[in-house]
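Colleague: File structure.csv follows (CSV, C-alpha atoms):
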chain,number,residue,atom,x,y,z
A,26,MET,CA,17.6,-14.3,-14.6
A,27,ALA,CA,16.2,-13.7,-18.0
A,28,ASN,CA,19.5,-12.6,-19.6
A,29,ASP,CA,21.1,-16.0,-19.0
A,30,TYR,CA,24.6,-14.6,-19.1
A,31,SER,CA,25.9,-18.0,-18.0
A,32,GLN,CA,24.2,-19.6,-21.0
A,33,LEU,CA,25.9,-17.4,-23.6
A,34,SER,CA,28.0,-19.4,-26.0
A,35,ASP,CA,29.8,-16.6,-27.7
A,36,LYS,CA,32.9,-16.1,-25.6
A,37,GLU,CA,33.7,-12.7,-27.1
A,38,VAL,CA,30.3,-11.3,-26.3
A,39,LYS,CA,30.5,-12.7,-22.9
A,40,GLU,CA,33.8,-11.1,-22.2
A,41,ASP,CA,32.6,-7.8,-23.6
A,42,ILE,CA,29.7,-7.9,-21.2
A,43,ARG,CA,31.9,-8.7,-18.3
A,44,LYS,CA,34.2,-5.8,-19.1
A,45,LEU,CA,31.3,-3.5,-19.4
A,46,VAL,CA,29.9,-4.4,-16.0
A,47,ILE,CA,33.4,-4.1,-14.5
A,48,GLU,CA,33.6,-0.5,-15.8
A,49,ARG,CA,30.1,0.2,-14.5
A,50,ILE,CA,31.0,-1.1,-11.0
A,51,LYS,CA,34.3,0.8,-11.0
A,52,ALA,CA,32.3,4.0,-11.4
A,53,VAL,CA,30.0,3.1,-8.4
A,54,SER,CA,30.1,5.3,-5.3
A,55,ASP,CA,32.2,4.0,-2.4
A,56,GLU,CA,29.2,4.9,-0.2
A,57,LEU,CA,27.1,2.1,-1.6
A,58,GLU,CA,27.2,-1.5,-0.5
A,59,ILE,CA,24.8,-4.2,-1.5
A,60,SER,CA,23.2,-7.1,0.3
A,61,ILE,CA,22.1,-9.9,-2.0
A,62,GLY,CA,20.5,-12.8,-0.2
A,63,SER,CA,22.2,-13.3,3.2
A,64,LYS,CA,25.5,-11.7,2.2
A,65,THR,CA,26.8,-8.1,2.0
A,66,TYR,CA,29.2,-6.8,-0.6
A,67,SER,CA,31.4,-3.7,-1.0
A,68,LYS,CA,32.4,-2.3,-4.3
A,69,SER,CA,35.8,-4.1,-4.0
A,70,ASP,CA,34.2,-7.4,-3.2
A,71,ILE,CA,32.1,-7.1,-6.3
A,72,LEU,CA,35.0,-6.2,-8.5
A,73,LYS,CA,37.0,-9.1,-7.2
A,74,SER,CA,34.1,-11.4,-8.0
A,75,LEU,CA,33.8,-10.0,-11.5
A,76,GLU,CA,37.5,-10.5,-12.1
A,77,LYS,CA,37.2,-14.1,-11.0
A,78,GLU,CA,33.8,-14.5,-12.6
A,79,ASP,CA,32.6,-16.5,-9.6
A,80,GLU,CA,28.9,-17.0,-8.7
A,81,LEU,CA,28.5,-13.4,-7.3
A,82,GLY,CA,30.2,-12.0,-10.3
A,83,LYS,CA,27.8,-13.8,-12.6
A,84,GLU,CA,24.9,-12.6,-10.5
A,85,ILE,CA,26.0,-9.0,-10.6
A,86,ILE,CA,26.4,-9.3,-14.4
A,87,GLU,CA,22.9,-10.7,-14.8
A,88,ILE,CA,21.4,-7.9,-12.6
A,89,GLN,CA,23.2,-5.2,-14.4
A,90,MET,CA,22.5,-6.5,-17.9
A,91,GLU,CA,18.8,-7.1,-17.1
A,92,TYR,CA,18.5,-3.6,-15.9
A,93,LEU,CA,20.3,-2.2,-18.9
A,94,LYS,CA,18.2,-4.2,-21.4
A,95,ASP,CA,15.0,-3.2,-19.6
A,96,MET,CA,16.0,0.5,-19.6
A,97,ALA,CA,16.9,0.3,-23.3
A,98,ARG,CA,13.4,-0.9,-24.2
A,99,GLY,CA,11.9,1.9,-22.2
A,100,ALA,CA,10.5,-0.3,-19.4
A,101,ILE,CA,10.9,2.5,-16.8
A,102,TYR,CA,8.3,4.5,-18.6
A,103,GLN,CA,5.7,1.8,-18.3
A,104,SER,CA,3.8,2.4,-15.2
A,105,LYS,CA,2.0,-1.0,-15.0
A,106,PRO,CA,3.0,-3.4,-12.2
A,107,GLN,CA,5.3,-6.2,-13.3
B,4,MET,CA,-12.6,-9.4,11.4
B,5,THR,CA,-8.9,-8.9,12.0
B,6,THR,CA,-7.8,-10.0,15.4
B,7,ALA,CA,-4.0,-10.2,14.9
B,8,ILE,CA,-1.2,-10.1,12.5
B,9,LEU,CA,2.1,-12.0,13.0
B,10,ILE,CA,5.5,-10.5,12.1
B,11,THR,CA,8.8,-12.3,12.2
B,12,ARG,CA,11.8,-10.1,12.4
B,13,PRO,CA,15.1,-11.7,13.4
B,14,ASP,CA,18.2,-9.5,13.6
B,15,HIS,CA,21.1,-11.9,13.4
B,16,ASP,CA,23.0,-10.3,10.5
B,17,LEU,CA,23.1,-7.0,8.6
B,18,ILE,CA,20.1,-7.4,6.3
B,19,THR,CA,17.9,-8.9,8.9
B,20,THR,CA,18.9,-6.0,11.2
B,21,TYR,CA,17.8,-3.5,8.6
B,22,LEU,CA,14.5,-5.4,8.1
B,23,TYR,CA,14.1,-5.6,11.9
B,24,HIS,CA,14.3,-1.8,12.3
B,25,TRP,CA,12.3,-0.8,9.2
B,26,THR,CA,9.4,-3.1,10.3
B,27,ILE,CA,8.7,-0.8,13.2
B,28,TYR,CA,6.7,1.4,10.8
B,29,VAL,CA,4.4,-1.5,10.1
B,30,ILE,CA,4.0,-2.2,13.8
B,31,ASN,CA,3.2,1.4,14.5
B,32,GLU,CA,0.6,1.4,11.7
B,33,ALA,CA,-1.0,-1.7,13.3
B,34,ALA,CA,-1.0,0.0,16.7
B,35,ARG,CA,-2.6,3.1,15.3
B,36,ARG,CA,-5.4,0.9,14.0
B,37,GLY,CA,-5.8,-1.1,17.1
B,38,ILE,CA,-4.7,-4.3,15.5
B,39,LYS,CA,-2.8,-6.8,17.7
B,40,VAL,CA,0.7,-7.5,16.6
B,41,LEU,CA,2.3,-10.9,17.4
B,42,ASP,CA,5.9,-9.6,17.2
B,43,LEU,CA,8.3,-12.5,16.8
B,44,LYS,CA,11.4,-10.4,17.1
B,45,LYS,CA,15.0,-11.4,17.5
B,46,ASP,CA,15.3,-15.0,18.9
B,47,LYS,CA,11.5,-15.3,19.3
B,48,ALA,CA,11.4,-15.8,15.5
B,49,ASN,CA,11.9,-19.5,16.0
B,50,TYR,CA,9.8,-22.4,14.8
B,51,LYS,CA,8.4,-23.4,18.2
B,52,ILE,CA,7.0,-20.0,19.0
B,53,PHE,CA,5.9,-19.3,15.4
B,54,LYS,CA,3.9,-22.5,15.2
B,55,SER,CA,2.3,-22.0,18.6
B,56,TYR,CA,1.3,-18.4,17.9
B,57,ILE,CA,-0.3,-19.3,14.6
B,58,LYS,CA,-2.3,-22.1,16.2
B,59,LYS,CA,-3.3,-20.0,19.2
B,60,HIS,CA,-4.1,-16.6,17.6
B,61,GLN,CA,-4.9,-17.5,14.0
B,62,PRO,CA,-3.4,-14.2,12.6
B,63,THR,CA,-4.9,-13.0,9.3
B,64,LEU,CA,-1.7,-11.6,8.0
B,65,ILE,CA,1.8,-13.1,8.3
B,66,PHE,CA,4.7,-10.9,7.4
B,67,PHE,CA,8.0,-12.7,7.2
B,68,ASN,CA,11.3,-10.8,7.4
B,69,GLY,CA,14.2,-13.2,7.0
B,70,HIS,CA,16.2,-15.2,4.7
B,71,GLY,CA,14.5,-17.4,2.1
B,72,SER,CA,15.2,-19.9,-0.6
B,73,VAL,CA,13.1,-21.6,-3.3
B,74,ASP,CA,11.9,-24.1,-0.7
B,75,SER,CA,12.0,-22.3,2.6
B,76,ILE,CA,11.5,-19.2,4.7
B,77,ALA,CA,13.7,-18.8,7.8
B,78,GLY,CA,13.7,-17.0,11.1
B,79,TYR,CA,16.3,-16.3,13.7
B,80,ASN,CA,19.7,-17.8,12.9
B,81,ASP,CA,18.1,-19.1,9.7
B,82,GLU,CA,16.0,-21.7,11.5
B,83,ILE,CA,13.4,-22.9,8.9
B,84,LEU,CA,9.9,-21.7,9.7
B,85,ILE,CA,8.1,-22.8,6.5
B,86,ARG,CA,9.4,-25.6,4.2
B,87,PHE,CA,8.2,-26.6,0.8
B,88,ASN,CA,6.0,-29.7,0.9
B,89,TYR,CA,6.2,-29.9,4.6
B,90,ASN,CA,4.2,-27.4,6.6
B,91,GLU,CA,2.7,-24.8,4.2
B,92,LYS,CA,-0.7,-25.7,5.8
B,93,LEU,CA,0.3,-23.5,8.8
B,94,LEU,CA,-0.4,-20.6,6.4
B,95,ALA,CA,-3.8,-21.8,5.2
B,96,GLN,CA,-6.5,-19.1,5.2
B,97,LYS,CA,-3.9,-16.4,5.8
B,98,ILE,CA,-2.5,-13.6,3.7
B,99,VAL,CA,1.3,-13.9,3.5
B,100,TYR,CA,4.0,-11.4,2.6
B,101,ALA,CA,7.5,-12.8,2.5
B,102,ARG,CA,10.2,-10.2,2.5
B,103,SER,CA,12.7,-13.0,1.8
B,104,CYS,CA,14.7,-14.2,-1.2
B,105,ASP,CA,13.3,-16.6,-3.7
B,106,ALA,CA,10.3,-17.7,-1.6
B,107,GLY,CA,7.9,-16.2,-4.2
B,108,GLY,CA,8.7,-19.1,-6.6
B,109,LYS,CA,7.6,-22.7,-6.0
B,110,LEU,CA,7.1,-22.2,-2.3
B,111,GLY,CA,4.6,-19.4,-2.7
B,112,LEU,CA,2.7,-21.3,-5.3
B,113,SER,CA,2.7,-24.4,-3.1
B,114,CYS,CA,1.3,-22.3,-0.2
B,115,ILE,CA,-1.6,-21.2,-2.4
B,116,LYS,CA,-2.3,-24.8,-3.4
B,117,LYS,CA,-2.4,-25.7,0.3
B,118,GLY,CA,-4.9,-23.0,1.3
B,119,THR,CA,-3.1,-19.7,1.7
B,120,LEU,CA,-5.4,-16.9,0.6
B,121,ALA,CA,-2.8,-14.8,-1.1
B,122,PHE,CA,1.0,-14.7,-1.2
B,123,ILE,CA,3.2,-11.8,-2.0
B,124,GLY,CA,7.0,-12.4,-2.3
B,125,TYR,CA,10.0,-12.3,-4.5
B,126,ARG,CA,10.9,-15.0,-6.9
B,127,LYS,CA,14.5,-14.0,-7.1
B,128,LYS,CA,17.0,-12.9,-4.6
B,129,TYR,CA,15.9,-9.8,-2.6
B,130,SER,CA,18.6,-7.1,-2.8
B,131,LEU,CA,19.1,-4.2,-0.5
B,132,GLY,CA,21.4,-1.2,-1.2
B,133,TYR,CA,22.7,0.5,2.0
B,134,THR,CA,25.1,3.0,3.2
B,135,PRO,CA,28.1,1.5,5.0
B,136,PHE,CA,28.5,4.3,7.6
B,137,LYS,CA,24.8,4.1,8.5
B,138,VAL,CA,24.7,0.5,9.5
B,139,THR,CA,24.3,1.4,13.2
B,140,LYS,CA,21.4,3.7,12.3
B,141,PRO,CA,19.4,1.8,9.7
B,142,LEU,CA,16.4,4.2,9.9
B,143,GLU,CA,18.7,7.1,8.8
B,144,ASP,CA,20.0,5.3,5.7
B,145,GLU,CA,18.7,7.2,2.7
B,146,VAL,CA,19.7,4.5,0.3
B,147,ALA,CA,18.0,1.7,2.2
B,148,ARG,CA,14.9,3.9,2.6
B,149,LEU,CA,14.4,3.7,-1.2
B,150,PHE,CA,14.2,-0.1,-1.0
B,151,LEU,CA,12.3,-0.6,2.3
B,152,GLU,CA,9.6,2.0,2.2
B,153,PRO,CA,8.0,0.5,-0.9
B,154,SER,CA,8.2,-3.0,0.5
B,155,ASN,CA,6.6,-1.8,3.8
B,156,LEU,CA,3.7,-0.5,1.7
B,157,ILE,CA,2.5,-4.1,1.3
B,158,PRO,CA,1.6,-4.7,4.9
B,159,THR,CA,0.7,-1.0,5.7
B,160,SER,CA,-1.7,-0.9,2.8
B,161,LEU,CA,-3.3,-4.2,4.0
B,162,LEU,CA,-3.6,-2.8,7.5
B,163,LYS,CA,-5.5,0.2,6.0
B,164,GLY,CA,-8.0,-2.2,4.5
B,165,ASN,CA,-6.7,-2.4,1.0
B,166,LYS,CA,-7.1,-5.5,-1.1
B,167,ILE,CA,-4.1,-7.6,-2.0
B,168,LYS,CA,-4.1,-6.3,-5.6
B,169,ASP,CA,-4.0,-2.7,-4.4
B,170,ALA,CA,-1.3,-3.3,-1.8
B,171,TYR,CA,0.8,-4.9,-4.6
B,172,ARG,CA,0.1,-2.1,-7.1
B,173,LYS,CA,1.0,0.6,-4.5
B,174,SER,CA,4.3,-1.1,-3.7
B,175,GLN,CA,5.1,-1.5,-7.5
B,176,GLU,CA,4.3,2.1,-8.1
B,177,ALA,CA,6.3,3.3,-5.1
B,178,MET,CA,9.3,1.4,-6.4
B,179,LEU,CA,9.0,2.9,-9.8
B,180,ARG,CA,8.7,6.4,-8.3
B,181,ASN,CA,11.9,5.8,-6.3
B,182,ILE,CA,13.7,4.5,-9.4
B,183,ARG,CA,12.8,7.6,-11.3
B,184,PHE,CA,14.0,9.7,-8.4
B,185,MET,CA,17.3,7.7,-8.3
B,186,LEU,CA,17.9,8.5,-11.9
B,187,SER,CA,17.3,12.2,-11.4
B,188,THR,CA,19.8,14.8,-10.5
B,189,ARG,CA,18.3,15.1,-7.0
B,190,ALA,CA,19.7,11.6,-6.1
B,191,THR,CA,23.1,11.1,-4.5
B,192,SER,CA,25.7,8.9,-6.4
B,193,ALA,CA,25.0,6.0,-4.1
B,194,GLN,CA,21.3,6.2,-4.6
B,195,LYS,CA,21.8,6.3,-8.4
B,196,ASP,CA,24.1,3.4,-8.4
B,197,ALA,CA,21.7,1.3,-6.4
B,198,VAL,CA,19.0,1.5,-9.2
B,199,PRO,CA,19.7,-1.9,-10.9
B,200,TYR,CA,19.1,-3.7,-7.6
B,201,LEU,CA,15.8,-2.0,-6.8
B,202,TRP,CA,14.8,-2.6,-10.4
B,203,VAL,CA,15.1,-6.4,-10.1
B,204,ASN,CA,13.3,-6.4,-6.7
B,205,ARG,CA,10.4,-4.7,-8.5
B,206,LYS,CA,10.5,-7.0,-11.5
B,207,TYR,CA,10.5,-10.2,-9.4
B,208,GLN,CA,8.0,-9.1,-6.8
B,209,VAL,CA,5.0,-11.5,-7.3
B,210,VAL,CA,1.5,-11.9,-6.1
B,211,TYR,CA,-0.4,-15.2,-6.1
B,212,GLY,CA,-3.9,-16.3,-4.9
B,213,ASN,CA,-7.0,-14.3,-4.3
B,214,GLU,CA,-6.1,-10.7,-5.2
B,215,GLU,CA,-9.4,-9.5,-3.8
B,216,ALA,CA,-8.5,-10.7,-0.4
B,217,HIS,CA,-8.0,-8.3,2.5
B,218,ILE,CA,-7.5,-8.5,6.2
Can you turn what I pasted into structure tokens?
Modeller:
Amino acid sequence: MANDYSQLSDKEVKEDIRKLVIERIKAVSDELEISIGSKTYSKSDILKSLEKEDELGKEIIEIQMEYLKDMARGAIYQSKPQ
Amino acid sequence: MTTAILITRPDHDLITTYLYHWTIYVINEAARRGIKVLDLKKDKANYKIFKSYIKKHQPTLIFFNGHGSVDSIAGYNDEILIRFNYNEKLLAQKIVYARSCDAGGKLGLSCIKKGTLAFIGYRKKYSLGYTPFKVTKPLEDEVARLFLEPSNLIPTSLLKGNKIKDAYRKSQEAMLRNIRFMLSTRATSAQKDAVPYLWVNRKYQVVYGNEEAHI
């Protein structure tokens, strides 16, 4: 995705982002699970992946950061199709 | 003149089961309009039947529900139905909507090069938020509804005679409306927390080909 979390070279920034996403996921309702591709994930699955920083963890970070960046630039108030 | 549309809807895992059930709204819309539906449900969503139905009935719209990748769209038990640089010609002169991961990348573009009229899909992974205690009743899942109603708008708008560009716009607008609802105080916590996933679905939903096309 456009944020390229995996490409970031600054380890401190990368770690800060990971911690931010972990805190966001900790706050997520237990009544939400997510299917990405062919697999399904609970909140605890996602937290484990973020701790390990495996492929799912990286994907979740990229989704969350892409969303946060887009919200910060006001994309939600643009009504044009993508 | 529209004679038939073809729908694949396997149900071999949780996400395909959700897609299987939510596709019934599209089938009902087709029935209301007297349009024949070639319903490749469950294990009928296999390559042999898929290929023979396309050749025999020449459907004008093909609506895939199933797993995808950058170079394939799959059916029941992930059997490949369309593969990059192999059999995209099966989709020539057809409108395609692939509710599948990643197929809206190079595969969608390749389909257009090989004669597909228009292709709507997702060029990243397709995400679905759902409620764990509703998995046996997918149509009652108020989180999944926010994802699947806007995506159903692509085929239902086409069935109503809309052009590709209008079906795409309506789906985009519906996702945005749902996102705004999810951020409001009217949404449940689970609905709010699912916003990032619907956001990326919207962002990476793509349309290629002739946007004036219709069925």
Colleague: Which of these residues is nearest to chain A, using all atoms listed in the file: B:Leu84, B:Cys104, B:Val40, B:Met185?
Modeller: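 Closest residue, counting all atoms listed in the file: B:Cys104.
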Colleague: Quick one: residues within 8 Å of range 115-128 of chain B, only C-alpha atoms, excluding same-chain residues fewer than 5 positions away - as a PyMOL selection string?
Modeller: (chain A and resi 61-62) or (chain B and resi 73+91-92+94-108+167+171+204+207-214+216)
Colleague: Please identify all residues of chain A having at least one atom at most 9 Å from any atom of chain B, considering all atoms listed in the file, and return them as an NGL selection string.
Modeller: :A and (26 or 50 or 52-65 or 67 or 88-93 or 101-102 or 104-107)
Colleague: Could you check which of A:Gly99, A:Leu72, A:Asp79, A:Ile86 is closest to Asp41 in chain A, using all atoms listed in the file?
Modeller: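 Nearest to Asp41 in chain A: A:Ile86.
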Colleague: Just give me the gap between CA of Ala177 in chain B and CA of Arg148 in chain B in Å, one decimal is fine.
Modeller: 11.6 Å
Colleague: Can you pull out every residue within 10 Å of Ser160 in chain B, counting all atoms listed in the file, but drop anything in the same chain fewer than 3 positions away, and send it as a list in words?
Modeller: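 Contacts, in chain order: Val29, Glu32, Asn155, Leu156, Ile157, Lys163, Gly164, Asn165, Lys166, Ile167, Asp169, Ala170, Tyr171, Lys173, Ser174 and His217 of chain B.
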Colleague: Would you kindly return, as a ChimeraX atom specification, each protein, DNA or RNA residue with an atom no farther than 12 Å from any atom of Asn31 in chain B, considering only C-alpha atoms and excluding same-chain residues fewer than 4 positions away?
Modeller: /B:24-27,35-40,42,155,158-159,162
Colleague: To one decimal place in Å, what is the distance between CA of Asn90 in chain B and CA of Cys114 in chain B?
Modeller: 9.0 Å
Colleague: One decimal, in Å: what's the spacing between CA of Gly111 in chain B and CA of Asn181 in chain B?
Modeller: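 Taking CA of Gly111 in chain B as the start and CA of Asn181 in chain B as the end point, the length is 26.5 Å.
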